[in-house]
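This is upload_17.txt. It holds compact mmCIF, C-alpha atoms.
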```txt
# COMPACT_ATOMS: atom_id res chain seq x y z
CA MET A 897 7.07 -21.10 2.78
CA THR A 898 7.13 -20.04 -0.84
CA GLU A 899 7.93 -16.50 -1.93
CA VAL A 900 4.93 -14.19 -2.02
CA SER A 901 3.94 -13.44 -5.63
CA TYR A 902 3.69 -9.90 -6.93
CA ASP A 903 0.19 -10.53 -8.39
CA TRP A 904 -1.10 -11.64 -4.98
CA LEU A 905 0.47 -8.68 -3.19
CA ASN A 906 -0.92 -6.30 -5.80
CA LEU A 907 -4.42 -7.78 -5.37
CA VAL A 908 -4.31 -7.37 -1.58
CA GLU A 909 -2.86 -3.88 -1.82
CA LYS A 910 -5.62 -2.71 -4.16
CA ALA A 911 -8.26 -4.22 -1.87
CA LEU A 912 -6.76 -2.50 1.18
CA THR A 913 -6.60 0.79 -0.67
CA SER A 914 -10.26 0.55 -1.74
CA THR A 915 -11.30 -0.13 1.88
CA GLN A 916 -8.98 2.62 3.17
CA GLN A 917 -7.17 0.19 5.48
CA LEU A 918 -3.71 0.81 4.03
CA PRO A 919 -1.66 3.82 5.15
CA PRO A 920 -0.75 6.16 2.26
CA LEU A 921 2.36 5.14 0.33
CA GLU A 922 4.18 8.37 1.11
CA GLU A 923 3.77 7.74 4.85
CA ASN A 924 5.07 4.17 4.69
CA PHE A 925 7.62 4.27 1.91
CA PRO A 926 9.81 1.15 2.29
CA PHE A 927 13.12 2.90 1.71
CA PRO A 928 16.10 0.78 2.91
CA TRP A 929 17.91 3.44 4.91
CA ALA A 930 20.55 1.05 6.28
CA ASP A 931 21.39 -0.36 2.84
CA ALA A 932 21.45 3.12 1.33
CA SER A 933 23.79 4.34 4.07
CA GLN A 934 26.22 1.52 3.41
CA ALA A 935 26.10 1.96 -0.37
CA ILE A 936 26.61 5.73 -0.19
CA SER A 937 29.39 5.36 2.39
CA THR A 938 31.21 3.02 0.03
CA GLY A 939 30.65 5.27 -2.97
CA LEU A 940 31.83 8.42 -1.20
CA GLN A 941 34.46 6.64 0.91
CA LEU A 942 32.96 8.42 3.88
CA SER A 943 31.42 6.93 7.01
CA LEU A 944 27.81 8.10 7.34
CA ASN A 945 24.41 6.88 8.48
CA LEU A 946 21.11 8.07 7.01
CA THR A 947 17.80 8.00 8.88
CA SER A 948 14.42 9.59 8.32
CA THR A 949 13.59 11.83 11.29
CA ARG A 950 10.27 13.27 10.13
CA ALA A 951 7.94 12.88 7.17
CA GLU A 952 4.91 15.09 6.74
CA TRP A 953 2.87 17.17 4.32
CA LYS A 954 3.72 20.87 4.31
CA GLU A 955 1.90 23.82 2.79
CA PRO A 956 3.90 25.88 0.24
CA GLU A 957 4.84 28.61 2.72
CA LYS A 958 6.33 26.07 5.16
CA ILE A 959 8.26 23.84 2.76
CA LEU A 960 11.57 25.70 3.15
CA GLN A 961 11.30 26.48 6.86
CA GLY A 962 14.26 25.29 8.93
CA LEU A 963 16.69 25.04 6.00
CA GLY A 964 18.69 28.17 6.80
CA ASP A 965 19.22 31.38 4.83
CA LYS A 966 21.04 29.97 1.79
CA PRO A 967 20.27 26.27 1.35
CA PHE A 968 21.69 24.34 -1.59
CA PHE A 969 19.08 22.71 -3.84
CA VAL A 970 19.32 19.87 -6.33
CA GLU A 971 16.40 18.99 -8.62
CA VAL A 972 15.94 15.29 -9.42
CA GLU A 973 13.74 13.82 -12.14
CA ILE A 974 12.84 10.13 -12.04
CA SER A 975 11.70 9.24 -15.56
CA PRO A 976 9.02 8.27 -16.55
CA ILE A 977 7.42 9.78 -13.43
CA GLU A 978 6.15 13.27 -14.14
CA GLY A 979 7.50 16.15 -12.09
CA SER A 980 10.59 16.53 -9.93
CA VAL A 981 11.70 16.24 -6.32
CA PHE A 982 14.11 18.62 -4.64
CA PHE A 983 16.92 17.79 -2.23
CA ALA A 984 17.90 20.60 0.13
CA MET A 985 20.80 21.06 2.57
CA SER A 986 21.96 24.16 4.42
CA GLU A 987 25.04 26.04 3.19
CA GLN A 988 26.90 25.27 6.44
CA ASP A 989 26.20 21.54 6.22
CA VAL A 990 27.27 21.46 2.56
CA ALA A 991 30.56 23.11 3.53
CA TYR A 992 31.14 20.55 6.29
CA LEU A 993 30.20 17.56 4.09
CA THR A 994 32.47 18.59 1.21
CA ALA A 995 35.35 19.21 3.61
CA GLN A 996 34.96 15.77 5.19
CA ALA A 997 34.85 14.12 1.77
CA LEU A 998 38.21 15.61 0.81
CA THR A 999 41.32 13.69 1.79
CA SER A 1000 42.81 16.82 3.32
CA GLY A 1001 39.62 17.65 5.22
CA GLU A 1002 40.22 21.39 4.67
CA GLY A 1003 37.30 22.18 2.36
CA PHE A 1004 36.95 24.87 -0.30
CA ASN A 1005 37.28 28.61 0.06
CA ASN A 1006 35.81 29.12 -3.40
CA LEU A 1007 32.01 28.80 -3.32
CA LYS A 1008 31.79 27.60 -6.94
CA LEU A 1009 34.33 24.83 -6.31
CA ARG A 1010 32.49 23.77 -3.16
CA GLU A 1011 29.19 23.72 -5.01
CA GLY A 1012 30.65 21.72 -7.90
CA PHE A 1013 32.19 19.15 -5.55
CA TYR A 1014 28.89 18.86 -3.66
CA HIS A 1015 27.11 18.11 -6.94
CA PHE A 1016 29.72 15.45 -7.69
CA LEU A 1017 29.09 13.86 -4.28
CA PHE A 1018 25.34 13.99 -4.85
CA LEU A 1019 25.73 12.25 -8.21
CA LYS A 1020 27.80 9.48 -6.59
CA ALA A 1021 25.14 9.06 -3.89
CA LEU A 1022 22.42 8.89 -6.54
CA GLU A 1023 24.36 6.20 -8.42
CA ALA A 1024 24.70 4.19 -5.20
CA ILE A 1025 20.93 4.34 -4.62
CA ASP A 1026 20.27 3.36 -8.24
CA HIS A 1027 22.42 0.25 -7.81
CA LEU A 1028 20.25 -0.88 -4.88
CA GLN A 1029 17.44 -1.49 -7.42
CA ILE A 1030 14.76 -0.06 -5.18
CA PHE A 1031 12.94 1.09 -8.30
CA LYS A 1032 12.21 -0.64 -11.59
CA GLU A 1033 12.52 0.78 -15.10
CA VAL A 1034 13.36 4.33 -14.03
CA SER A 1035 16.27 6.64 -14.74
CA PHE A 1036 17.55 9.47 -12.56
CA HIS A 1037 18.43 12.92 -13.87
CA PHE A 1038 19.59 15.73 -11.63
CA SER A 1039 20.35 19.39 -12.13
CA PRO A 1040 21.55 22.09 -9.72
CA VAL A 1041 19.09 24.82 -8.76
CA SER A 1042 20.62 28.25 -8.21
CA THR A 1043 17.61 29.66 -6.35
CA ALA A 1044 14.99 28.20 -4.04
CA PRO A 1045 12.31 26.39 -6.08
CA ALA A 1046 9.00 28.23 -6.23
CA ILE A 1047 6.68 25.38 -5.26
CA GLN A 1048 3.07 26.52 -5.44
CA GLU A 1049 1.51 23.31 -4.11
CA SER A 1050 1.70 21.28 -0.93
CA ALA A 1051 4.61 18.86 -0.72
CA PHE A 1052 5.46 15.74 1.20
CA CYS A 1053 8.72 16.55 2.98
CA ILE A 1054 11.09 13.95 4.39
CA ASP A 1055 13.63 15.31 6.84
CA ILE A 1056 16.79 13.20 6.74
CA SER A 1057 19.55 12.98 9.32
CA CYS A 1058 23.04 12.33 7.92
CA ALA A 1059 25.25 11.26 10.82
CA LEU A 1060 29.00 11.64 10.27
CA PRO A 1061 31.60 10.59 12.87
CA GLU A 1062 31.79 14.02 14.53
CA LYS A 1063 28.68 15.85 13.39
CA THR A 1064 25.12 15.16 12.24
CA LEU A 1065 23.88 17.04 9.19
CA GLN A 1066 20.26 17.74 8.27
CA CYS A 1067 18.67 17.71 4.82
CA ARG A 1068 15.21 17.54 3.32
CA LEU A 1069 13.66 15.73 0.37
CA ILE A 1070 10.77 17.77 -1.02
CA CYS A 1071 8.14 15.87 -3.03
CA PRO A 1072 5.42 18.10 -4.53
CA SER A 1073 1.91 16.65 -4.44
CA SER A 1074 1.77 16.35 -8.26
CA PHE A 1075 4.92 14.20 -8.17
CA VAL A 1076 3.49 12.00 -5.38
CA SER A 1077 0.34 11.39 -7.46
CA SER A 1078 2.39 10.48 -10.52
CA PHE A 1079 4.63 8.22 -8.42
CA LYS A 1080 1.63 6.27 -7.12
CA ALA A 1081 0.18 5.95 -10.62
CA ASN A 1082 3.44 4.58 -12.06
CA GLN A 1083 4.09 2.09 -9.23
CA PRO A 1084 7.87 2.09 -9.77
CA LEU A 1085 8.76 0.15 -6.62
CA GLN A 1086 10.41 -3.23 -7.02
CA LYS A 1087 8.74 -4.42 -3.82
CA THR A 1088 5.31 -3.47 -2.59
CA THR A 1089 4.98 -1.56 0.68
CA LEU A 1090 3.02 -4.49 2.11
CA LEU A 1091 6.25 -6.44 2.64
CA SER A 1092 7.54 -3.72 4.94
CA PRO A 1093 7.09 -4.77 8.61
CA GLU A 1094 6.46 -1.13 9.47
CA VAL A 1095 3.31 -1.36 7.34
CA ASN A 1096 1.88 -4.84 7.91
CA GLN A 1097 2.68 -5.60 11.55
CA ASP A 1098 -0.08 -3.43 13.05
CA ILE A 1099 -2.85 -3.90 10.48
CA GLU A 1100 -5.78 -6.24 11.18
CA VAL A 1101 -8.00 -6.98 8.19
CA THR A 1102 -11.61 -8.14 8.20
CA LEU A 1103 -12.44 -10.88 5.70
CA ARG A 1104 -16.02 -11.59 4.66
CA CYS A 1105 -16.90 -15.25 4.12
CA GLU A 1106 -19.25 -15.04 1.14
CA VAL A 1107 -21.27 -18.08 0.08
CA GLY A 1108 -23.69 -16.45 -2.34
CA TYR A 1109 -25.20 -13.30 -3.77
CA THR A 1110 -28.05 -11.96 -5.81
CA PHE A 1111 -29.08 -8.75 -7.52
CA ILE A 1112 -32.57 -7.63 -6.64
CA PRO A 1113 -34.59 -4.49 -7.40
CA GLN A 1114 -34.42 -2.19 -4.40
CA GLU A 1115 -38.21 -1.91 -4.19
CA ASP A 1116 -38.50 -5.73 -4.00
CA TRP A 1117 -36.05 -5.82 -1.11
CA GLU A 1118 -37.90 -3.07 0.71
CA LYS A 1119 -41.13 -5.08 0.43
CA ALA A 1120 -39.52 -8.37 1.53
CA GLY A 1121 -40.27 -9.54 5.06
CA VAL A 1122 -39.59 -12.35 7.50
CA GLY A 1123 -40.37 -15.72 5.93
CA ASP A 1124 -39.93 -14.55 2.35
CA PHE A 1125 -37.69 -16.53 0.01
CA ILE A 1126 -35.13 -14.82 -2.25
CA LEU A 1127 -33.51 -16.77 -5.08
CA LEU A 1128 -29.71 -16.41 -5.29
CA ASP A 1129 -27.92 -15.72 -8.57
CA ARG A 1130 -24.92 -17.65 -7.28
CA CYS A 1131 -24.50 -19.98 -4.31
CA SER A 1132 -21.33 -21.97 -3.62
CA TYR A 1133 -22.77 -23.95 -0.70
CA ASP A 1134 -25.23 -26.85 -0.89
CA PRO A 1135 -27.52 -26.56 2.17
CA VAL A 1136 -28.78 -30.13 1.69
CA GLU A 1137 -25.38 -31.82 1.42
CA GLU A 1138 -23.84 -29.21 3.78
CA LYS A 1139 -20.83 -28.98 1.49
CA GLY A 1140 -19.34 -26.25 -0.60
CA SER A 1141 -16.88 -23.43 -0.86
CA ILE A 1142 -16.42 -19.91 0.44
CA THR A 1143 -15.03 -16.80 -1.21
CA LEU A 1144 -12.93 -14.78 1.21
CA MET A 1145 -13.57 -11.13 0.45
CA LEU A 1146 -11.75 -7.99 1.54
CA GLY A 1147 -14.30 -5.25 1.06
CA ASP A 1148 -15.71 -5.86 -2.42
CA THR A 1149 -12.59 -7.66 -3.65
CA PRO A 1150 -12.52 -11.49 -3.87
CA LEU A 1151 -9.17 -12.71 -2.52
CA LEU A 1152 -9.28 -16.47 -1.94
CA MET A 1153 -11.39 -19.52 -2.69
CA ALA A 1154 -11.69 -22.01 0.18
CA ARG A 1155 -13.31 -25.42 0.63
CA MET A 1156 -15.28 -25.98 3.84
CA LYS A 1157 -14.19 -28.75 6.18
CA PRO A 1158 -16.03 -29.87 9.36
CA GLU A 1159 -14.26 -27.36 11.63
CA SER A 1160 -12.08 -25.38 9.26
CA MET A 1161 -11.56 -24.46 5.63
CA LYS A 1162 -8.81 -25.22 3.14
CA ILE A 1163 -7.51 -22.57 0.78
CA LEU A 1164 -8.00 -23.79 -2.81
CA ASP A 1165 -6.70 -20.92 -4.91
CA TYR A 1166 -6.32 -17.19 -5.30
CA ALA A 1167 -9.36 -15.40 -6.72
CA PHE A 1168 -7.45 -13.62 -9.49
CA TYR A 1169 -9.89 -14.40 -12.26
CA GLN A 1170 -13.26 -14.35 -10.52
CA GLU A 1171 -15.73 -12.38 -12.60
CA LYS A 1172 -16.96 -9.10 -11.16
CA GLU A 1173 -20.59 -9.08 -10.10
CA THR A 1174 -22.61 -6.67 -12.25
CA PRO A 1175 -26.35 -5.90 -12.03
CA SER A 1176 -28.65 -6.20 -15.03
CA SER A 1177 -30.37 -2.96 -14.06
CA SER A 1178 -29.07 0.24 -12.50
CA SER A 1179 -31.86 0.05 -9.92
CA ASP A 1180 -30.75 -3.37 -8.66
CA ILE A 1181 -28.90 -3.74 -5.37
CA LEU A 1182 -26.42 -6.46 -4.44
CA LEU A 1183 -27.35 -8.69 -1.51
CA THR A 1184 -24.74 -11.13 -0.25
CA ALA A 1185 -24.99 -14.16 1.99
CA GLU A 1186 -22.12 -14.30 4.47
CA SER A 1187 -21.10 -17.14 6.74
CA GLY A 1188 -19.54 -14.84 9.31
CA ARG A 1189 -16.43 -12.70 9.23
CA MET A 1190 -12.92 -13.17 10.52
CA GLN A 1191 -10.16 -10.90 11.75
CA MET A 1192 -6.64 -11.66 10.58
CA PRO A 1193 -3.27 -9.90 10.82
CA LEU A 1194 -2.21 -8.56 7.42
CA SER A 1195 1.14 -10.31 7.81
CA LYS A 1196 -0.69 -13.68 8.03
CA LEU A 1197 -3.00 -12.92 5.10
CA LEU A 1198 -0.05 -12.08 2.85
CA HIS A 1199 1.41 -15.55 3.35
CA LEU A 1200 -1.77 -17.58 2.87
CA GLU A 1201 -1.44 -19.94 -0.07
CA PRO A 1202 -3.31 -22.91 -1.57
CA GLY A 1203 -3.35 -25.82 0.85
CA ALA A 1204 -3.34 -23.69 4.01
CA MET A 1205 -5.96 -24.46 6.68
CA ILE A 1206 -7.73 -21.68 8.57
CA ASP A 1207 -10.53 -21.59 11.13
CA LEU A 1208 -14.13 -21.36 9.98
CA PRO A 1209 -16.04 -18.59 11.83
CA MET A 1210 -19.38 -20.38 11.48
CA ARG A 1211 -20.96 -22.90 9.14
CA PRO A 1212 -23.69 -21.77 6.72
CA ALA A 1213 -25.98 -24.40 8.25
CA GLN A 1214 -26.02 -22.25 11.39
CA GLY A 1215 -27.50 -19.37 9.45
CA VAL A 1216 -26.13 -16.57 7.31
CA ASP A 1217 -25.94 -12.81 7.45
CA ILE A 1218 -27.60 -10.94 4.60
CA THR A 1219 -25.53 -7.87 3.83
CA LEU A 1220 -25.90 -4.79 1.66
CA GLU A 1221 -22.82 -2.67 0.84
CA GLY A 1222 -20.89 -4.42 3.60
CA SER A 1223 -23.49 -3.89 6.35
CA LYS A 1224 -25.80 -6.54 7.80
CA VAL A 1225 -29.42 -5.83 6.92
CA ALA A 1226 -31.03 -9.16 7.80
CA ALA A 1227 -30.43 -12.72 9.00
CA GLY A 1228 -31.45 -15.78 7.05
CA GLU A 1229 -30.93 -19.40 6.17
CA LEU A 1230 -29.93 -21.11 2.95
CA LEU A 1231 -32.53 -23.36 1.34
CA LYS A 1232 -32.50 -25.47 -1.80
CA VAL A 1233 -35.56 -25.70 -4.03
CA GLY A 1234 -34.97 -28.21 -6.78
CA GLU A 1235 -31.64 -27.25 -8.33
CA ALA A 1236 -31.84 -23.64 -7.19
CA SER A 1237 -30.63 -22.19 -3.90
CA GLY A 1238 -31.93 -19.16 -2.09
CA LEU A 1239 -32.37 -17.30 1.17
CA ARG A 1240 -35.27 -17.39 3.59
CA ILE A 1241 -35.39 -14.25 5.70
CA LEU A 1242 -35.46 -15.07 9.42
CA GLU A 1243 -34.93 -11.60 10.80
CA LYS A 1244 -35.06 -8.16 9.24
```
Will you turn the file into structure tokens for me?
Amino acid sequence: MTEVSYDWLNLVEKALTSTQQLPPLEENFPFPWADASQAISTGLQLSLNLTSTRAEWKEPEKILQGLGDKPFFVEVEISPIEGSVFFAMSEQDVAYLTAQALTSGEGFNNLKLREGFYHFLFLKALEAIDHLQIFKEVSFHFSPVSTAPAIQESAFCIDISCALPEKTLQCRLICPSSFVSSFKANQPLQKTTLLSPEVNQDIEVTLRCEVGYTFIPQEDWEKAGVGDFILLDRCSYDPVEEKGSITLMLGDTPLLMARMKPESMKILDYAFYQEKETPSSSSDILLTAESGRMQMPLSKLLHLEPGAMIDLPMRPAQGVDITLEGSKVAAGELLKVGEASGLRILEK
């Protein structure tokens, strides 16, 4: 199987987002905790294991709860993303971490020396993460924060467990909502979240098998009844020859073009360049002719490619569903009149 292209993943991700079938990025961030643990362990020459224990949105008054009386804060900017994130660890855990990182294991009595060494360790950890190339075209900048940040907005907080050989430390990554919005807009990830098994393994998507559409004034549709014929603006199936193609749609987004076979359909190409359907009048509504719908695991959809064969839910010759804004509003059949194709309403 060939490698999944970024353009294809991006198309599916946008379609899932528009249909609200994809969990929010911040709740399914594909951070490689195991790889990061190994890289940081090597950089600090200290055995540790990082895991995310909890990730949730917190209101401003709850962001710092559970961090102790005098937590240490580090502010991190990820250019060109606007805003900053904050990394927090309790004073006791900072003291233990810095002591373990020293060859002697005795730690610092001087608070300023301890704080300076902690910042050095944090910088080394940040360099290790940067080398993993999780992000593209970004640069990290960090600065110590002497007092707790006054965050006046909700923040997405990731509680992180840092397991050392004899003790487990707790820390928190605080991502203000403005930063999360900017992060999503910049799309700095090297790999889309869709490739993460945690995201795609439980998602079933519904694909619409579209064979035609038309724009019609709403008042004309309201007057239409059983037996009436509606001309289609576009029809990819010939009801006389019983041959043609189908556009597989996710919501309103065309994803794939497929050729109908007797009992199945063959993927022809991705629908990257299919023109968007636009009405000639603001009062027109979009009616589509669908040859059934199919359920498919997201993991399977992501790896569909030209040449693949998939089952056909039903053939257009068996009738079509007439849909409006994704909902079935009538049943019909495809007819050909001369060179034009259209729908005859059988049930409304």
> Around (-5.2, -7.8, -1.1) in the file's frame, which residues reach within 9 Å when counting all atoms listed in the file? Return as a list of chain:residue names?
Replying inline: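 All residues meeting the 9 Å criterion around (-5.2, -7.8, -1.1) are A:Trp904, A:Leu905, A:Asn906, A:Leu907, A:Val908, A:Glu909, A:Lys910, A:Ala911, A:Leu912, A:Thr913, A:Leu1146, A:Thr1149, A:Pro1150, A:Leu1151, A:Leu1197, A:Leu1198.
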> Of the candidates A:Phe1018, A:Asn1005, A:Thr994, A:Ser937, which shows the shortest atom-to-atom distance to Glu971 in chain A, using only C-alpha atoms?
Replying inline: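 Among A:Phe1018, A:Asn1005, A:Thr994, A:Ser937, it is A:Phe1018 that comes nearest to Glu971 in chain A.
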>> My list of candidates is A:Met1205, A:Val970, A:Ala995, A:Leu1239. Which is closest to Leu1060 in chain A when distances are computed with only C-alpha atoms?
In response: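 Selected residue with least distance to Leu1060 in chain A: A:Ala995.
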Could the centre and edge lengths of an axis-aligned box, enclosing all atoms of range 966-969 of chain A in the file with 3 Å extra on each side, be given in Å to one decimal as lines of an AutoDock Vina configuration file?
```
center_x = 20.4
center_y = 26.3
center_z = -1.0
size_x = 8.6
size_y = 13.3
size_z = 11.6
```
>> My list of candidates is A:Arg1130, A:His1037, A:Arg950, A:Arg1104. Which is closest to Gln1191 in chain A when distances are computed with only C-alpha atoms?
In response: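 Nearest candidate to Gln1191 in chain A out of A:Arg1130, A:His1037, A:Arg950, A:Arg1104: A:Arg1104.
CA of Leu1007 in chain A to CA of Ser986 in chain A spans 13.5 Å [interatomic distance, one decimal].
Proximity of A:Cys1105, A:Gly1228, A:Ala1204, A:Ala1021 to Arg1240 in chain A, computed with all atoms listed in the file, is greatest for A:Gly1228.
The shell of residues at most 7 Å from Cys1067 in chain A, with all atoms listed in the file counted and near chain neighbours (fewer than 4 positions) removed, consists of Ala984, Met985, Asp1055, Ile1056 and Ser1057 of chain A.
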Selected residues written out with C-alpha atoms, as an mmCIF file, keeping the file's coordinate frame:
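part.cif, written as the output of this step:
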```cif
data_model
loop_
_atom_site.group_PDB
_atom_site.id
_atom_site.type_symbol
_atom_site.label_atom_id
_atom_site.label_comp_id
_atom_site.auth_asym_id
_atom_site.auth_seq_id
_atom_site.Cartn_x
_atom_site.Cartn_y
_atom_site.Cartn_z
ATOM 1 C CA ALA A 984 17.900 20.600 0.130
ATOM 2 C CA MET A 985 20.800 21.060 2.570
ATOM 3 C CA ASP A 1055 13.630 15.310 6.840
ATOM 4 C CA ILE A 1056 16.790 13.200 6.740
ATOM 5 C CA SER A 1057 19.550 12.980 9.320
#
```
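Computed from the coordinates, the CA of Val1225 in chain A to CA of Phe1111 in chain A distance equals 14.7 Å.
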For range 1210-1213 of chain A, find every residue with an atom within 7 Å (counting all atoms listed in the file), except residues of its own chain fewer than 3 positions away, and show them as a PDB file with C-alpha atoms, in the coordinates of the input.
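Saved as around14.pdb:
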```pdb
ATOM      1  CA  PRO A1135     -27.520 -26.560   2.170  1.00  0.00           C
ATOM      2  CA  GLU A1138     -23.840 -29.210   3.780  1.00  0.00           C
ATOM      3  CA  SER A1187     -21.100 -17.140   6.740  1.00  0.00           C
ATOM      4  CA  GLY A1188     -19.540 -14.840   9.310  1.00  0.00           C
ATOM      5  CA  VAL A1216     -26.130 -16.570   7.310  1.00  0.00           C
TER       6      VAL A1216
END
```
> To one decimal place, how far is CA of Leu998 in chain A from CA of Thr1064 in chain A in Å?
Replying inline: 17.4 Å
> From the list A:Ile1070, A:Tyr1166, A:Gln988, A:Ala1226, which residue is nearest Ala951 in chain A when using all atoms listed in the file?
Replying inline: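 Looking only at the distances to Ala951 in chain A, the closest residue turns out to be A:Ile1070.
Near range 1117-1124 of chain A, within a cut-off of 8 Å and counting all atoms listed in the file, sit the residues Ile1112, Pro1113, Arg1240, Ile1241, Leu1242, Glu1243 and Lys1244 of chain A, with same-chain residues fewer than 4 positions away left out.
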> At a cut-off of 12 Å from (8.5, 22.3, 4.1) in the coordinates of the file, what residues are picked up using all atoms listed in the file, written as number ranges by chain?
Replying inline: A: 950-963, 982-984, 1044-1055, 1067-1072
> So which one's closest to Leu1017 in chain A, A:Gly939, A:Pro1061, A:Gly1147, A:Gly979? Using only C-alpha atoms, please.
Replying inline: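 Result for the nearest residue to Leu1017 in chain A: A:Gly939.
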>> If we count only C-alpha atoms and set the cut-off at 7 Å, which residues sit around Leu1164 in chain A, ignoring sequence neighbours fewer than 6 positions away in its own chain? Please answer as a PyMOL selection string.
In response: chain A and resi 1153-1155+1202-1203
